[in-house]
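Working notes, structure below.
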Amino acid sequence: MNTSARYIITIVVFVISIHYIVSFTHESYGRATSLSNLKNKLIPGSSSTPASDTLENFPSYPSEPYGGHTNETLVTDYHANATFVILARNNDLNGAVRSIREIEDRFNRRYRYPYVFLNEEPFTAEFKSRISVLTSSKVEFGQIPKEHWYQPDSIDEAKAKAGRDKMEEQNIIYGGSVSYRNMCRFNSGFFFKHPLMLKYRWYWRIEPDVHFHCDILYDPFVFMEEQKKVYSFTITMYEYQATIPTLWGHVMDFVKLHPEYIAKDNSLGFMSTDNGATYNLCHFWSNFEIADMEFWRGPAYTAFFEYLDKQGGFYYERWGDAPVHSIAAALFASRDQIQFFDDIGYEHNPYTHCPKGKGAWEKGKCSCDPLKSFDYDGYSCMSKWDRFIEQ
Ligand SMILES: Nc1nc2c(ncn2[C@@H]2O[C@H](COP(=O)(O)OP(=O)(O)O)[C@@H](O)[C@H]2O)c(=O)[nH]1
Ligand SMILES: [Mg+2]
C-alpha cells in the first residue's frame, strides 16, 4: 500500500469513528444521520414508521386524573356522546374565534369533538365560515326556536319593567337588559332541548372570549361518564343577592313540594349552613360547564325549572342560569357527582382558575399565573367547597 492510500484509509477510519462517537453521545445527531432518516430524505414517502412513532422523543405524561395522552397524537380511544355548545351573537364572532382556537390547541385538535353554535338569529355566512375553518370537527349552527328565547306572554311586562328599572337605578350589571334575561332563561331551561343538541348526552359550554390556559391531556367527558359525574366546574363564587332576592324561597318551597327529588348525599351543606333556612349565595360559575344533559332532561330538573319559570323571576328579578344550575346540581345530585376540574386552567374575564394540584401546572404547560388563581380570592367559594367535600 502506498503512502497516499494509507493516508486516505486513516482519514476514513477517523471520520467513521467520530460519527459513531457523536451518534452515541448526541441523540439528535444520531437521529438526523440514521440510515432510515437519510433514506426518507432521499426518497420522500419511503418511511415505514407510523406517524405516532415519530413522537417517541416527546415527553409522555402520567395518566392523571384519568387516561392521559401526549400533546400531539390524534386520540382514537372511546369517545363520549358529547359536544361543545356555544351560545353567541353574530357580533361575538371574533371572541368566538379566539375561544375555539384555544380549545382546539389545548384539547380538541386531538379529540375532535363536534361543536354546536346557537343563536336566536340566523348566523351569517361570515360567522359560519370563520368558525368552520378553525377545526376538523363537525360544526353545526342552529337557530333557537322563538318560544325557547323570548319573554313569555305569561310575564306581566309592567311588573318586569319596574324590576328592570329598579335594578338599573341600583347599577346592577345587566339590570336593565331583557336580552340578558332571555339568555339566562334559555341557558337554564332550553339549550339541552334544541334539536341539534338532542342527539348528545354530554356538553361542554364555551363562551366567546374565554381562555384555556393548560393542555388537557385526557378526555374530561369520558372521565365524567366513567366516574358517574353529572356536573363540573372550575370557578365557584358568590352571586349578587339583588339579582335573586326571592329565588331561594322558591327553591325551598319546591323542596317541600317534592322531597322525592332530593339526593341522599346532596350538597345543600355547601350552600347553606342552617339546613336550607338561608342561602350563602355560593354557586358554580356556569360559563364553564361540562355536564350531563340527562340530568337537565330528567324529572327532577324538569319539574324544578318549570316551577321556577312559573314564578317569573327570570324577568321580574334577574335570575342567572349559574345559581339555577348550581342549586339544582347541589340538591338533585349526590356530592360525589359534582366534579371540580382543578387541572383545567380557565379564564373568563375578570377571573382565572389556575391549577393548584401538585405538578398539574407543569404537566399542562399552563400560561396562567398560579399565584393569581381566583381560588384564593375573597370572593371565591372554593375554600367552602374544599371544606364541604372534606367533611
Ligand atoms: N345569541 C345570543 N347570545 C347571547 C346574548 N346575550 C348573551 N349571549 C351569549 O350568552 C353567553 C353569556 O353572555 P355574556 O354577555 O358573556 O354574559 P356574562 O358572562 O354573564 O357577562 C355568551 O356566550 C354570549 O355570547 C343574546 O342576546 N343572543
Ligand atoms: Mg360571559
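The chains in the C-alpha cells are called A, B, ... from first to last as shown; in each chain the residues are counted from 1, and the ligands are counted from 1 in the order shown.
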
>> For ligand 2, return the neighbouring residues as an MDAnalysis selection string (distance at most 10 Å; only C-alpha atoms and all ligand atoms).
In response: chainID A and resid 88 206:210 285:288 348:350

Rows by chain and residue number, chain A within 6 Å of ligand 1, shortest pair, only C-alpha atoms and all ligand atoms, as CSV:
```
residue,atom,partner,partner_atom_place_in_ligand_line,distance
A:Ile86,CA,ligand 1,23 (O),5.9
A:Leu87,CA,ligand 1,23 (O),4.5
A:Ala88,CA,ligand 1,25 (O),3.7
A:Arg89,CA,ligand 1,1 (N),4.1
A:Asp92,CA,ligand 1,25 (O),5.9
A:Asn119,CA,ligand 1,1 (N),3.7
A:Glu120,CA,ligand 1,1 (N),5.1
A:Ser179,CA,ligand 1,27 (O),4.7
A:Tyr180,CA,ligand 1,6 (N),5.2
A:Met183,CA,ligand 1,6 (N),5.4
A:Glu207,CA,ligand 1,23 (O),4.0
A:Pro208,CA,ligand 1,23 (O),5.6
```

Next, the residues of the selection above should be written as a PDB file, in the first residue's frame with C-alpha atoms.
```
ATOM      1  CA  ILE A  86     -71.567  27.913  22.240  1.00  0.00           C
ATOM      2  CA  LEU A  87     -74.357  30.465  22.507  1.00  0.00           C
ATOM      3  CA  ALA A  88     -73.334  33.535  20.571  1.00  0.00           C
ATOM      4  CA  ARG A  89     -74.496  36.564  18.599  1.00  0.00           C
ATOM      5  CA  ASP A  92     -69.460  37.779  19.115  1.00  0.00           C
ATOM      6  CA  ASN A 119     -78.277  31.942  18.308  1.00  0.00           C
ATOM      7  CA  GLU A 120     -81.799  33.379  18.322  1.00  0.00           C
ATOM      8  CA  SER A 179     -81.889  40.092  26.198  1.00  0.00           C
ATOM      9  CA  TYR A 180     -79.620  39.107  29.109  1.00  0.00           C
ATOM     10  CA  MET A 183     -80.181  34.340  27.645  1.00  0.00           C
ATOM     11  CA  GLU A 207     -68.359  31.342  25.642  1.00  0.00           C
ATOM     12  CA  PRO A 208     -66.721  33.803  23.286  1.00  0.00           C
TER      13      PRO A 208
END
```

> Any idea what's packed within 10 Å of region 134-144 of chain A, counting only C-alpha atoms, ignoring anything in its chain fewer than 4 positions away? Could you give it as a PyMOL selection string?
Replying inline: chain A and resi 83-87+97-98+100-101+104-105+108-124+127-130+148-150+186+190-191+193-197

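Taking only C-alpha atoms into account, Tyr316 (chain A) lies nearest to A:Ala242 out of the set A:Met224, A:Ala82, A:Leu93, A:Ala242.
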
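If you look at CA of His211 (chain A) and CA of Glu347 (chain A), they are 4.9 Å away from each other.
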
>> If you run DSSP on the backbone here, which positions in region 106-344 of chain A get alpha helix (DSSP H)? Please write them as a PyMOL selection string.
In response: chain A and resi 109-111+125-132+146-149+157-169+178-189+220-226+247-257+268-271+293-297+299-311+313-316+321-332
